[in-house]
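Just input01.cif here, mmCIF, C-alpha atoms and all ligand atoms:
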```cif
data_final
loop_
_atom_site.group_PDB
_atom_site.id
_atom_site.type_symbol
_atom_site.label_atom_id
_atom_site.label_comp_id
_atom_site.auth_asym_id
_atom_site.auth_seq_id
_atom_site.Cartn_x
_atom_site.Cartn_y
_atom_site.Cartn_z
ATOM 1 C CA MET F 1 -77.934 -51.873 -125.572
ATOM 2 C CA ASN F 2 -79.502 -50.497 -128.735
ATOM 3 C CA GLU F 3 -82.252 -52.453 -130.396
ATOM 4 C CA SER F 4 -80.735 -54.465 -133.235
ATOM 5 C CA PRO F 5 -81.868 -53.125 -136.608
ATOM 6 C CA ALA F 6 -81.768 -56.713 -137.849
ATOM 7 C CA SER F 7 -84.541 -57.901 -135.582
ATOM 8 C CA SER F 8 -87.427 -59.217 -137.633
ATOM 9 C CA SER F 9 -89.680 -62.215 -137.710
ATOM 10 C CA GLU F 10 -87.386 -63.936 -140.213
ATOM 11 C CA THR F 11 -84.947 -66.548 -138.979
ATOM 12 C CA PRO F 12 -81.574 -64.846 -138.566
ATOM 13 C CA MET F 13 -78.711 -66.306 -140.593
ATOM 14 C CA VAL F 14 -76.518 -66.202 -137.505
ATOM 15 C CA ARG F 15 -77.709 -66.242 -133.918
ATOM 16 C CA PHE F 16 -75.571 -66.157 -130.793
ATOM 17 C CA GLU F 17 -77.711 -66.940 -127.773
ATOM 18 C CA ARG F 18 -76.049 -66.151 -124.444
ATOM 19 C CA VAL F 19 -72.746 -67.501 -125.708
ATOM 20 C CA SER F 20 -69.823 -67.592 -123.304
ATOM 21 C CA LYS F 21 -66.252 -68.559 -124.046
ATOM 22 C CA ARG F 22 -63.571 -68.794 -121.386
ATOM 23 C CA TYR F 23 -59.872 -69.497 -121.426
ATOM 24 C CA GLY F 24 -59.181 -70.617 -117.861
ATOM 25 C CA ALA F 25 -60.163 -67.702 -115.627
ATOM 26 C CA LEU F 26 -60.439 -65.295 -118.586
ATOM 27 C CA THR F 27 -63.973 -64.744 -119.914
ATOM 28 C CA VAL F 28 -63.560 -63.794 -123.570
ATOM 29 C CA LEU F 29 -67.217 -63.882 -124.617
ATOM 30 C CA ASP F 30 -69.627 -63.018 -121.867
ATOM 31 C CA GLN F 31 -73.192 -64.239 -122.488
ATOM 32 C CA LEU F 32 -73.138 -62.744 -125.950
ATOM 33 C CA ASP F 33 -76.400 -62.265 -127.849
ATOM 34 C CA LEU F 34 -76.043 -61.368 -131.520
ATOM 35 C CA ASP F 35 -78.426 -61.859 -134.443
ATOM 36 C CA VAL F 36 -77.331 -61.263 -138.018
ATOM 37 C CA ALA F 37 -80.045 -61.214 -140.668
ATOM 38 C CA SER F 38 -79.665 -62.950 -144.012
ATOM 39 C CA GLY F 39 -77.707 -60.659 -146.345
ATOM 40 C CA GLU F 40 -76.751 -58.296 -143.562
ATOM 41 C CA LYS F 41 -73.209 -56.857 -143.390
ATOM 42 C CA VAL F 42 -71.965 -56.430 -139.847
ATOM 43 C CA ALA F 43 -68.699 -54.769 -138.865
ATOM 44 C CA ILE F 44 -67.202 -55.731 -135.522
ATOM 45 C CA ILE F 45 -64.970 -53.106 -133.956
ATOM 46 C CA GLY F 46 -63.461 -52.636 -130.524
ATOM 47 C CA PRO F 47 -60.263 -52.639 -128.514
ATOM 48 C CA SER F 48 -57.688 -55.383 -128.775
ATOM 49 C CA GLY F 49 -58.608 -58.379 -126.627
ATOM 50 C CA SER F 50 -62.339 -57.565 -126.536
ATOM 51 C CA GLY F 51 -63.286 -60.900 -128.157
ATOM 52 C CA LYS F 52 -63.805 -59.854 -131.793
ATOM 53 C CA THR F 53 -61.740 -62.617 -133.388
ATOM 54 C CA THR F 54 -63.172 -65.148 -130.960
ATOM 55 C CA VAL F 55 -66.660 -64.392 -132.317
ATOM 56 C CA LEU F 56 -65.460 -65.447 -135.776
ATOM 57 C CA ARG F 57 -63.507 -68.446 -134.501
ATOM 58 C CA VAL F 58 -66.416 -69.936 -132.555
ATOM 59 C CA LEU F 59 -68.677 -69.308 -135.554
ATOM 60 C CA MET F 60 -66.253 -71.267 -137.692
ATOM 61 C CA ALA F 61 -66.290 -73.985 -134.979
ATOM 62 C CA LEU F 62 -62.534 -73.573 -134.547
ATOM 63 C CA GLU F 63 -63.138 -73.142 -130.815
ATOM 64 C CA ARG F 64 -65.631 -74.777 -128.498
ATOM 65 C CA ILE F 65 -67.973 -72.526 -126.533
ATOM 66 C CA ASP F 66 -68.594 -73.007 -122.815
ATOM 67 C CA ASP F 67 -72.208 -71.827 -122.610
ATOM 68 C CA GLY F 68 -75.053 -70.842 -124.882
ATOM 69 C CA VAL F 69 -75.944 -71.916 -128.397
ATOM 70 C CA ILE F 70 -74.949 -70.657 -131.854
ATOM 71 C CA HIS F 71 -77.411 -71.149 -134.715
ATOM 72 C CA ILE F 72 -76.750 -70.908 -138.430
ATOM 73 C CA ASP F 73 -79.928 -70.310 -140.422
ATOM 74 C CA GLY F 74 -81.981 -71.720 -137.573
ATOM 75 C CA GLU F 75 -79.892 -74.860 -137.120
ATOM 76 C CA PRO F 76 -77.737 -75.247 -134.018
ATOM 77 C CA LEU F 77 -74.040 -75.217 -134.885
ATOM 78 C CA THR F 78 -72.681 -76.142 -131.515
ATOM 79 C CA HIS F 79 -75.378 -78.659 -130.648
ATOM 80 C CA MET F 80 -77.496 -81.250 -132.356
ATOM 81 C CA PRO F 81 -80.950 -82.532 -131.549
ATOM 82 C CA GLN F 82 -81.218 -85.779 -129.607
ATOM 83 C CA GLY F 83 -84.510 -86.982 -128.172
ATOM 84 C CA ASP F 84 -86.338 -83.890 -126.929
ATOM 85 C CA GLY F 85 -83.233 -81.843 -126.291
ATOM 86 C CA LEU F 86 -79.882 -80.741 -127.643
ATOM 87 C CA VAL F 87 -76.533 -82.402 -127.049
ATOM 88 C CA PRO F 88 -73.078 -81.063 -127.936
ATOM 89 C CA ALA F 89 -72.339 -81.452 -131.656
ATOM 90 C CA ASP F 90 -70.087 -84.269 -132.820
ATOM 91 C CA ALA F 91 -67.279 -83.851 -135.378
ATOM 92 C CA ARG F 92 -69.515 -84.809 -138.300
ATOM 93 C CA HIS F 93 -72.160 -82.239 -137.438
ATOM 94 C CA LEU F 94 -69.468 -79.560 -136.972
ATOM 95 C CA ARG F 95 -67.983 -80.372 -140.382
ATOM 96 C CA LYS F 96 -71.358 -80.061 -142.050
ATOM 97 C CA MET F 97 -72.175 -76.761 -140.339
ATOM 98 C CA ARG F 98 -68.696 -75.397 -140.996
ATOM 99 C CA SER F 99 -69.221 -75.887 -144.721
ATOM 100 C CA HIS F 100 -71.851 -73.107 -144.623
ATOM 101 C CA ILE F 101 -69.225 -70.614 -143.528
ATOM 102 C CA GLY F 102 -66.285 -69.111 -145.390
ATOM 103 C CA MET F 103 -63.507 -67.390 -143.530
ATOM 104 C CA VAL F 104 -60.710 -65.132 -144.711
ATOM 105 C CA PHE F 105 -57.924 -64.505 -142.225
ATOM 106 C CA GLN F 106 -55.391 -61.759 -141.732
ATOM 107 C CA HIS F 107 -52.689 -64.059 -143.082
ATOM 108 C CA PHE F 108 -53.805 -65.568 -146.292
ATOM 109 C CA ASN F 109 -53.070 -69.211 -145.400
ATOM 110 C CA LEU F 110 -52.887 -70.278 -149.042
ATOM 111 C CA PHE F 111 -51.315 -73.630 -149.892
ATOM 112 C CA PRO F 112 -47.862 -72.491 -151.070
ATOM 113 C CA HIS F 113 -47.256 -75.473 -153.363
ATOM 114 C CA MET F 114 -50.523 -74.967 -155.280
ATOM 115 C CA SER F 115 -51.366 -72.430 -157.970
ATOM 116 C CA ALA F 116 -54.158 -69.888 -157.421
ATOM 117 C CA VAL F 117 -56.660 -72.041 -159.281
ATOM 118 C CA GLN F 118 -55.587 -75.223 -157.459
ATOM 119 C CA ASN F 119 -55.977 -73.419 -154.134
ATOM 120 C CA CYS F 120 -59.595 -72.710 -155.078
ATOM 121 C CA MET F 121 -60.274 -76.252 -156.351
ATOM 122 C CA GLU F 122 -58.958 -78.252 -153.413
ATOM 123 C CA ALA F 123 -61.815 -77.998 -150.899
ATOM 124 C CA PRO F 124 -64.669 -78.133 -153.452
ATOM 125 C CA MET F 125 -63.170 -81.410 -154.719
ATOM 126 C CA SER F 126 -62.214 -82.986 -151.392
ATOM 127 C CA VAL F 127 -65.112 -81.739 -149.242
ATOM 128 C CA LEU F 128 -67.987 -81.172 -151.696
ATOM 129 C CA GLY F 129 -66.973 -83.971 -154.076
ATOM 130 C CA LEU F 130 -66.930 -81.793 -157.203
ATOM 131 C CA GLY F 131 -65.238 -83.229 -160.286
ATOM 132 C CA LYS F 132 -62.001 -81.660 -161.480
ATOM 133 C CA GLU F 133 -63.533 -79.905 -164.469
ATOM 134 C CA GLU F 134 -66.431 -78.397 -162.521
ATOM 135 C CA ALA F 135 -64.107 -77.321 -159.702
ATOM 136 C CA HIS F 136 -61.785 -75.690 -162.243
ATOM 137 C CA THR F 137 -64.641 -73.824 -163.925
ATOM 138 C CA ARG F 138 -65.921 -72.564 -160.586
ATOM 139 C CA ALA F 139 -62.420 -71.559 -159.420
ATOM 140 C CA ALA F 140 -61.650 -69.737 -162.668
ATOM 141 C CA GLU F 141 -64.958 -67.830 -162.482
ATOM 142 C CA LEU F 142 -64.282 -66.729 -158.931
ATOM 143 C CA LEU F 143 -60.690 -65.729 -159.631
ATOM 144 C CA THR F 144 -61.972 -63.702 -162.581
ATOM 145 C CA MET F 145 -64.508 -62.056 -160.306
ATOM 146 C CA VAL F 146 -61.747 -60.953 -157.907
ATOM 147 C CA GLY F 147 -59.737 -59.576 -160.834
ATOM 148 C CA LEU F 148 -57.182 -62.378 -161.189
ATOM 149 C CA ALA F 149 -58.191 -63.945 -164.509
ATOM 150 C CA ASP F 150 -54.594 -63.656 -165.704
ATOM 151 C CA LYS F 151 -53.076 -65.226 -162.568
ATOM 152 C CA LEU F 152 -54.795 -68.616 -162.408
ATOM 153 C CA ASP F 153 -51.571 -70.583 -162.672
ATOM 154 C CA HIS F 154 -49.442 -68.370 -160.445
ATOM 155 C CA HIS F 155 -48.259 -69.740 -157.119
ATOM 156 C CA PRO F 156 -48.733 -67.621 -153.957
ATOM 157 C CA ALA F 157 -45.052 -66.630 -153.902
ATOM 158 C CA GLN F 158 -45.507 -65.063 -157.358
ATOM 159 C CA LEU F 159 -48.407 -62.889 -156.170
ATOM 160 C CA SER F 160 -48.526 -59.657 -154.173
ATOM 161 C CA GLY F 161 -50.114 -59.670 -150.730
ATOM 162 C CA GLY F 162 -53.277 -58.065 -152.096
ATOM 163 C CA GLN F 163 -53.492 -60.653 -154.866
ATOM 164 C CA GLN F 164 -52.951 -63.483 -152.375
ATOM 165 C CA GLN F 165 -55.727 -62.120 -150.217
ATOM 166 C CA ARG F 166 -58.027 -62.002 -153.251
ATOM 167 C CA VAL F 167 -57.197 -65.663 -153.949
ATOM 168 C CA ALA F 168 -58.081 -66.410 -150.317
ATOM 169 C CA ILE F 169 -61.463 -64.689 -150.814
ATOM 170 C CA ALA F 170 -62.106 -66.662 -154.033
ATOM 171 C CA ARG F 171 -61.099 -69.871 -152.252
ATOM 172 C CA ALA F 172 -63.588 -69.262 -149.445
ATOM 173 C CA LEU F 173 -66.343 -68.409 -151.962
ATOM 174 C CA ALA F 174 -65.684 -71.606 -153.921
ATOM 175 C CA MET F 175 -67.409 -73.502 -151.108
ATOM 176 C CA ARG F 176 -70.590 -71.454 -151.731
ATOM 177 C CA PRO F 177 -70.880 -70.393 -148.099
ATOM 178 C CA ARG F 178 -73.980 -68.745 -146.689
ATOM 179 C CA VAL F 179 -71.909 -66.594 -144.389
ATOM 180 C CA MET F 180 -68.522 -64.975 -145.018
ATOM 181 C CA LEU F 181 -66.243 -63.991 -142.161
ATOM 182 C CA PHE F 182 -63.386 -61.540 -142.626
ATOM 183 C CA ASP F 183 -60.804 -61.137 -139.895
ATOM 184 C CA GLU F 184 -58.622 -58.071 -140.293
ATOM 185 C CA VAL F 185 -58.111 -59.009 -143.918
ATOM 186 C CA THR F 186 -56.099 -55.931 -144.774
ATOM 187 C CA SER F 187 -53.934 -55.537 -141.694
ATOM 188 C CA ALA F 188 -51.013 -57.548 -143.099
ATOM 189 C CA LEU F 189 -51.051 -55.502 -146.309
ATOM 190 C CA ASP F 190 -49.280 -52.328 -147.334
ATOM 191 C CA PRO F 191 -51.781 -49.477 -147.449
ATOM 192 C CA GLU F 192 -51.702 -49.279 -151.244
ATOM 193 C CA LEU F 193 -52.756 -52.931 -151.474
ATOM 194 C CA CYS F 194 -55.673 -52.606 -149.033
ATOM 195 C CA GLY F 195 -57.858 -50.807 -151.562
ATOM 196 C CA GLU F 196 -57.933 -53.654 -154.056
ATOM 197 C CA VAL F 197 -59.009 -56.140 -151.356
ATOM 198 C CA LEU F 198 -61.634 -53.828 -149.906
ATOM 199 C CA ASN F 199 -62.978 -53.181 -153.415
ATOM 200 C CA VAL F 200 -63.478 -56.906 -153.924
ATOM 201 C CA ILE F 201 -65.317 -57.184 -150.611
ATOM 202 C CA ARG F 202 -67.423 -54.152 -151.449
ATOM 203 C CA GLU F 203 -68.389 -55.657 -154.810
ATOM 204 C CA LEU F 204 -69.213 -58.981 -153.212
ATOM 205 C CA GLY F 205 -71.394 -57.203 -150.713
ATOM 206 C CA SER F 206 -73.412 -55.370 -153.320
ATOM 207 C CA ALA F 207 -73.647 -58.147 -155.923
ATOM 208 C CA HIS F 208 -74.522 -61.080 -153.650
ATOM 209 C CA GLN F 209 -76.976 -61.699 -150.890
ATOM 210 C CA LEU F 210 -74.134 -62.985 -148.719
ATOM 211 C CA THR F 211 -74.254 -62.484 -144.996
ATOM 212 C CA MET F 212 -70.960 -60.970 -143.891
ATOM 213 C CA LEU F 213 -69.254 -60.400 -140.572
ATOM 214 C CA MET F 214 -66.094 -58.408 -140.615
ATOM 215 C CA VAL F 215 -63.651 -57.636 -137.842
ATOM 216 C CA THR F 216 -61.853 -54.490 -138.871
ATOM 217 C CA HIS F 217 -59.691 -51.637 -137.676
ATOM 218 C CA GLN F 218 -60.611 -49.633 -140.746
ATOM 219 C CA MET F 219 -63.334 -47.383 -139.495
ATOM 220 C CA GLY F 220 -63.728 -45.712 -142.897
ATOM 221 C CA PHE F 221 -64.470 -49.018 -144.544
ATOM 222 C CA ALA F 222 -66.774 -50.168 -141.728
ATOM 223 C CA ARG F 223 -68.695 -46.939 -142.067
ATOM 224 C CA GLU F 224 -69.219 -47.280 -145.768
ATOM 225 C CA PHE F 225 -69.659 -51.043 -146.029
ATOM 226 C CA ALA F 226 -71.627 -52.162 -142.992
ATOM 227 C CA ASP F 227 -75.362 -52.138 -142.408
ATOM 228 C CA ARG F 228 -74.602 -52.338 -138.697
ATOM 229 C CA VAL F 229 -71.557 -51.762 -136.547
ATOM 230 C CA CYS F 230 -71.079 -53.618 -133.254
ATOM 231 C CA PHE F 231 -68.654 -52.163 -130.732
ATOM 232 C CA PHE F 232 -67.200 -54.897 -128.541
ATOM 233 C CA ASP F 233 -65.862 -54.334 -125.087
ATOM 234 C CA ALA F 234 -64.868 -57.110 -122.667
ATOM 235 C CA GLY F 235 -66.653 -59.891 -124.544
ATOM 236 C CA ARG F 236 -69.943 -58.099 -124.970
ATOM 237 C CA ILE F 237 -71.534 -55.728 -127.440
ATOM 238 C CA ALA F 238 -71.293 -52.454 -125.563
ATOM 239 C CA GLU F 239 -73.072 -50.535 -128.299
ATOM 240 C CA GLN F 240 -74.396 -51.199 -131.791
ATOM 241 C CA GLY F 241 -76.215 -49.334 -134.485
ATOM 242 C CA SER F 242 -76.048 -48.092 -138.043
ATOM 243 C CA PRO F 243 -72.667 -46.628 -139.048
ATOM 244 C CA GLU F 244 -74.255 -43.160 -138.900
ATOM 245 C CA GLU F 245 -75.437 -43.740 -135.339
ATOM 246 C CA LEU F 246 -72.334 -45.444 -134.039
ATOM 247 C CA PHE F 247 -69.725 -43.212 -135.624
ATOM 248 C CA GLY F 248 -71.783 -40.032 -135.718
ATOM 249 C CA ASN F 249 -73.373 -40.146 -132.302
ATOM 250 C CA PRO F 250 -71.863 -42.805 -130.026
ATOM 251 C CA GLN F 251 -73.751 -43.055 -126.748
ATOM 252 C CA HIS F 252 -71.367 -44.886 -124.478
ATOM 253 C CA GLU F 253 -68.277 -43.469 -122.860
ATOM 254 C CA ARG F 254 -66.227 -46.542 -123.921
ATOM 255 C CA THR F 255 -67.287 -46.195 -127.553
ATOM 256 C CA GLN F 256 -66.487 -42.491 -127.531
ATOM 257 C CA GLN F 257 -63.050 -43.135 -126.011
ATOM 258 C CA PHE F 258 -62.281 -45.859 -128.524
ATOM 259 C CA LEU F 259 -63.367 -43.807 -131.520
ATOM 260 C CA ARG F 260 -61.415 -40.788 -130.310
ATOM 261 C CA ALA F 261 -58.308 -42.966 -130.147
ATOM 262 C CA VAL F 262 -58.627 -44.620 -133.557
ATOM 263 C CA MET F 263 -60.202 -42.003 -135.798
HETATM 264 P P1 LIG F 301 -59.667 -59.326 -130.292
HETATM 265 O O1 LIG F 301 -59.910 -59.994 -131.620
HETATM 266 O O2 LIG F 301 -60.798 -58.416 -129.890
HETATM 267 O O3 LIG F 301 -58.346 -58.638 -130.210
HETATM 268 P P2 LIG F 301 -59.570 -62.032 -129.320
HETATM 269 O O4 LIG F 301 -60.912 -62.571 -129.568
HETATM 270 O O5 LIG F 301 -58.484 -62.427 -130.255
HETATM 271 O O6 LIG F 301 -59.646 -60.449 -129.164
HETATM 272 O O7 LIG F 301 -59.068 -62.456 -127.872
HETATM 273 C C1 LIG F 301 -59.771 -62.151 -126.702
HETATM 274 C C2 LIG F 301 -58.955 -62.556 -125.494
HETATM 275 O O8 LIG F 301 -58.796 -63.964 -125.481
HETATM 276 C C3 LIG F 301 -57.554 -61.978 -125.485
HETATM 277 O O9 LIG F 301 -57.273 -61.566 -124.173
HETATM 278 C C4 LIG F 301 -56.681 -63.138 -125.894
HETATM 279 O O10 LIG F 301 -55.405 -63.040 -125.331
HETATM 280 C C5 LIG F 301 -57.441 -64.320 -125.346
HETATM 281 N N1 LIG F 301 -57.211 -65.557 -126.110
HETATM 282 C C6 LIG F 301 -57.500 -65.738 -127.415
HETATM 283 N N2 LIG F 301 -57.180 -66.994 -127.819
HETATM 284 C C7 LIG F 301 -56.679 -67.624 -126.720
HETATM 285 C C8 LIG F 301 -56.167 -68.940 -126.462
HETATM 286 N N3 LIG F 301 -56.146 -69.868 -127.430
HETATM 287 N N4 LIG F 301 -55.760 -69.230 -125.212
HETATM 288 C C9 LIG F 301 -55.798 -68.294 -124.231
HETATM 289 N N5 LIG F 301 -56.265 -67.039 -124.396
HETATM 290 C C10 LIG F 301 -56.710 -66.699 -125.627
#
```

If you took the structure in this file and wrote it as structure tokens, what would it be?
Amino acid sequence: MNESPASSSETPMVRFERVSKRYGALTVLDQLDLDVASGEKVAIIGPSGSGKTTVLRVLMALERIDDGVIHIDGEPLTHMPQGDGLVPADARHLRKMRSHIGMVFQHFNLFPHMSAVQNCMEAPMSVLGLGKEEAHTRAAELLTMVGLADKLDHHPAQLSGGQQQRVAIARALAMRPRVMLFDEVTSALDPELCGEVLNVIRELGSAHQLTMLMVTHQMGFAREFADRVCFFDAGRIAEQGSPEELFGNPQHERTQQFLRAVM
């Protein structure tokens, strides 16, 4: 495996330490090690079924892991300290750790009965305890940032897919996460709507010191956006490096095969 360009003496924002995830006899993550530095943008690519989405889901604590430990900014996500050791995290600890992470899915998962601005106010009010006015101000700012200042009161059904996805991004950001996860955020969109969503992500990446992990099939975007690209195969990182290294000079047969097929 290539040396991670993120390795430094600083605490990584995300650390997977020998993390395994199994569904019955199927090993989906196989003793995965992955460090992501604060502010780093990592693209996760690889064949279908290689465990890419599972990486995001376990990071969001939507799935339990079977072995290993995940840390967010040095704090165990999956475990909590007790006595001299670590024990599996309880629901309260998971909720707290989950609040550091924002996730945007392939399907936008907006609340259909709420307007764009209400979608972005709900969690800050119910989870962070923000007052209505403050939550509204924050939501309106974020919707303006994603180019939807004139759509605050529109319901999801009145918005295009690209606009809905931008609301979903604003909604995740409203929780002020330290880490943003993007799972195939453009794959449910018509090609002409992908650009507007990718532009928002690109702007976010350059304007904010957010740590981002993105599962994507869009090699062009991964190449331009990511500091590092990780190629997954069978629940492990088969190869990783800068976009120039990984796309320009892939070392492994599996990476070469995959890139030949998708590019
Ligand atoms: P990728 O995102 O790389 O396509 P996933 O992480 O979604 O892969 O899935 C990895 C493997 O785990 C796949 O073989 C998938 O079928 C399996 N899998 C995912 N979720 C479940 C589940 N809830 N129960 C059983 N198998 C699952």

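With distances restricted to only C-alpha atoms, F:Asp233 is the closest residue to Asp30 in chain F from F:Phe105, F:Asp233, F:Leu59, F:Leu148.
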
Specify the axis-aligned box that encloses all atoms of range 17-22 of chain F listed in the file after padding of 5 Å on each side, stating its centre and edge lengths in Å to one decimal as AutoDock Vina command-line options.
```
--center_x -70.6 --center_y -67.5 --center_z -124.6 --size_x 24.1 --size_y 12.6 --size_z 16.4
```

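The nearest approach to ligand LIG 301 (chain F) among the residues F:Gln163, F:Thr53, F:Thr216, F:Ser99, with only C-alpha atoms and all ligand atoms taken into account, belongs to F:Thr53.
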
Problem set entry | Nearby residues, ligand LIG 301 (chain F), 10 Å, all atoms listed in the file, as an NGL selection string | :F and (21-29 or 44-58 or 63 or 183-184 or 215-216 or 232-235)

Problem set entry | Which of F:Leu173, F:Ala157, F:Asn199, F:Asp84 sits closest to Glu141 in chain F [using all atoms listed in the file] | F:Leu173

For this session: Can you pull out every residue within 7 Å of range 240-246 of chain F, counting all atoms listed in the file, but drop anything in the same chain fewer than 3 positions away, and send it as JSON, numbers by chain?
Result: {"F": [2, 4, 223, 226, 227, 228, 229, 230, 231, 237, 249, 250]}

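Residue nearest Thr186 in chain F within the list F:Leu143, F:Leu198, F:Leu128, F:Ile65: F:Leu198 [criterion: smallest interatomic distance, all atoms listed in the file].
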
For this session: Kindly extract all protein, DNA and RNA residues lying within 12 Å of the coordinates (-66.0, -78.7, -150.6) given in the file, considering all atoms listed in the file, and supply them as JSON, numbers by chain.
Result: {"F": [95, 96, 98, 99, 100, 101, 102, 119, 120, 121, 122, 123, 124, 125, 126, 127, 128, 129, 130, 131, 132, 134, 135, 138, 139, 171, 172, 173, 174, 175, 176, 177]}

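Selection around (-77.4, -63.7, -130.8) with radius 10 Å, counting all atoms listed in the file, yields the residues Pro12, Val14, Arg15, Phe16, Glu17, Arg18, Val19, Gln31, Leu32, Asp33, Leu34, Asp35, Val36, Gly68, Val69, Ile70 and His71 of chain F.
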
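CA of Arg236 in chain F lies 22.7 Å from CA of Gly220 in chain F.
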
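Computed from the coordinates, the CA of Val42 in chain F to CA of Ala116 in chain F distance equals 28.4 Å.
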
For this session: Can you work out the spacing between CA of Pro88 in chain F and CA of Met212 in chain F in Å, to one decimal?
Result: 25.7 Å

Seminar exercise, completed: Restricting to only C-alpha atoms, whichever of F:Ala261, F:Leu110, F:Ala61, F:Val185 is closest to Ala89 in chain F is F:Ala61

For this session: Determine the nearest neighbour of Ser38 in chain F from the options F:Asp73, F:Glu133, F:Glu203, F:Asp67, counting only C-alpha atoms.
Result: F:Asp73

For this session: Apply the PyMOL selection byres (((chain F and resi 39) around 7) and not hetatm) to the displayed file and report the matching residues as a list in words.
Result: Ala37, Ser38, Glu40, Lys41, Gln209, Leu210 and Thr211 of chain F

Model the absent atoms of range 64-82 of chain F so that N, CA and C atoms are present, and write the result as an mmCIF file, in the coordinates of the input.
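File written: selection_26.cif
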```
data_model
loop_
_atom_site.group_PDB
_atom_site.id
_atom_site.type_symbol
_atom_site.label_atom_id
_atom_site.label_comp_id
_atom_site.auth_asym_id
_atom_site.auth_seq_id
_atom_site.Cartn_x
_atom_site.Cartn_y
_atom_site.Cartn_z
ATOM 1 N N ARG F 64 -64.421 -74.324 -129.173
ATOM 2 C CA ARG F 64 -65.631 -74.777 -128.498
ATOM 3 C C ARG F 64 -66.144 -73.654 -127.591
ATOM 4 N N ILE F 65 -67.457 -73.524 -127.473
ATOM 5 C CA ILE F 65 -67.973 -72.526 -126.533
ATOM 6 C C ILE F 65 -68.299 -73.217 -125.213
ATOM 7 N N ASP F 66 -68.350 -72.436 -124.138
ATOM 8 C CA ASP F 66 -68.594 -73.007 -122.815
ATOM 9 C C ASP F 66 -70.071 -72.968 -122.438
ATOM 10 N N ASP F 67 -70.776 -71.951 -122.907
ATOM 11 C CA ASP F 67 -72.208 -71.827 -122.610
ATOM 12 C C ASP F 67 -72.930 -71.209 -123.786
ATOM 13 N N GLY F 68 -74.231 -71.447 -123.842
ATOM 14 C CA GLY F 68 -75.053 -70.842 -124.882
ATOM 15 C C GLY F 68 -75.115 -71.714 -126.119
ATOM 16 N N VAL F 69 -75.775 -71.190 -127.140
ATOM 17 C CA VAL F 69 -75.944 -71.916 -128.397
ATOM 18 C C VAL F 69 -75.715 -70.941 -129.555
ATOM 19 N N ILE F 70 -75.066 -71.436 -130.617
ATOM 20 C CA ILE F 70 -74.949 -70.657 -131.854
ATOM 21 C C ILE F 70 -75.789 -71.359 -132.916
ATOM 22 N N HIS F 71 -76.603 -70.596 -133.632
ATOM 23 C CA HIS F 71 -77.411 -71.149 -134.715
ATOM 24 C C HIS F 71 -76.965 -70.558 -136.047
ATOM 25 N N ILE F 72 -76.956 -71.393 -137.064
ATOM 26 C CA ILE F 72 -76.750 -70.908 -138.430
ATOM 27 C C ILE F 72 -78.049 -71.202 -139.180
ATOM 28 N N ASP F 73 -78.685 -70.158 -139.677
ATOM 29 C CA ASP F 73 -79.928 -70.310 -140.422
ATOM 30 C C ASP F 73 -80.916 -71.211 -139.668
ATOM 31 N N GLY F 74 -81.004 -71.001 -138.387
ATOM 32 C CA GLY F 74 -81.981 -71.720 -137.573
ATOM 33 C C GLY F 74 -81.516 -73.071 -137.065
ATOM 34 N N GLU F 75 -80.367 -73.532 -137.544
ATOM 35 C CA GLU F 75 -79.892 -74.860 -137.120
ATOM 36 C C GLU F 75 -78.754 -74.698 -136.111
ATOM 37 N N PRO F 76 -78.820 -75.419 -134.985
ATOM 38 C CA PRO F 76 -77.737 -75.247 -134.018
ATOM 39 C C PRO F 76 -76.400 -75.714 -134.584
ATOM 40 N N LEU F 77 -75.393 -74.883 -134.417
ATOM 41 C CA LEU F 77 -74.040 -75.217 -134.885
ATOM 42 C C LEU F 77 -73.318 -76.048 -133.836
ATOM 43 N N THR F 78 -73.465 -75.576 -132.604
ATOM 44 C CA THR F 78 -72.681 -76.142 -131.515
ATOM 45 C C THR F 78 -73.347 -77.363 -130.903
ATOM 46 N N HIS F 79 -74.601 -77.580 -131.258
ATOM 47 C CA HIS F 79 -75.378 -78.659 -130.648
ATOM 48 C C HIS F 79 -76.152 -79.367 -131.740
ATOM 49 N N MET F 80 -76.610 -80.563 -131.415
ATOM 50 C CA MET F 80 -77.496 -81.250 -132.356
ATOM 51 C C MET F 80 -78.641 -81.881 -131.579
ATOM 52 N N PRO F 81 -79.791 -81.995 -132.239
ATOM 53 C CA PRO F 81 -80.950 -82.532 -131.549
ATOM 54 C C PRO F 81 -80.752 -84.003 -131.183
ATOM 55 N N GLN F 82 -81.186 -84.357 -129.998
ATOM 56 C CA GLN F 82 -81.218 -85.779 -129.607
ATOM 57 C C GLN F 82 -82.377 -85.936 -128.646
#
```
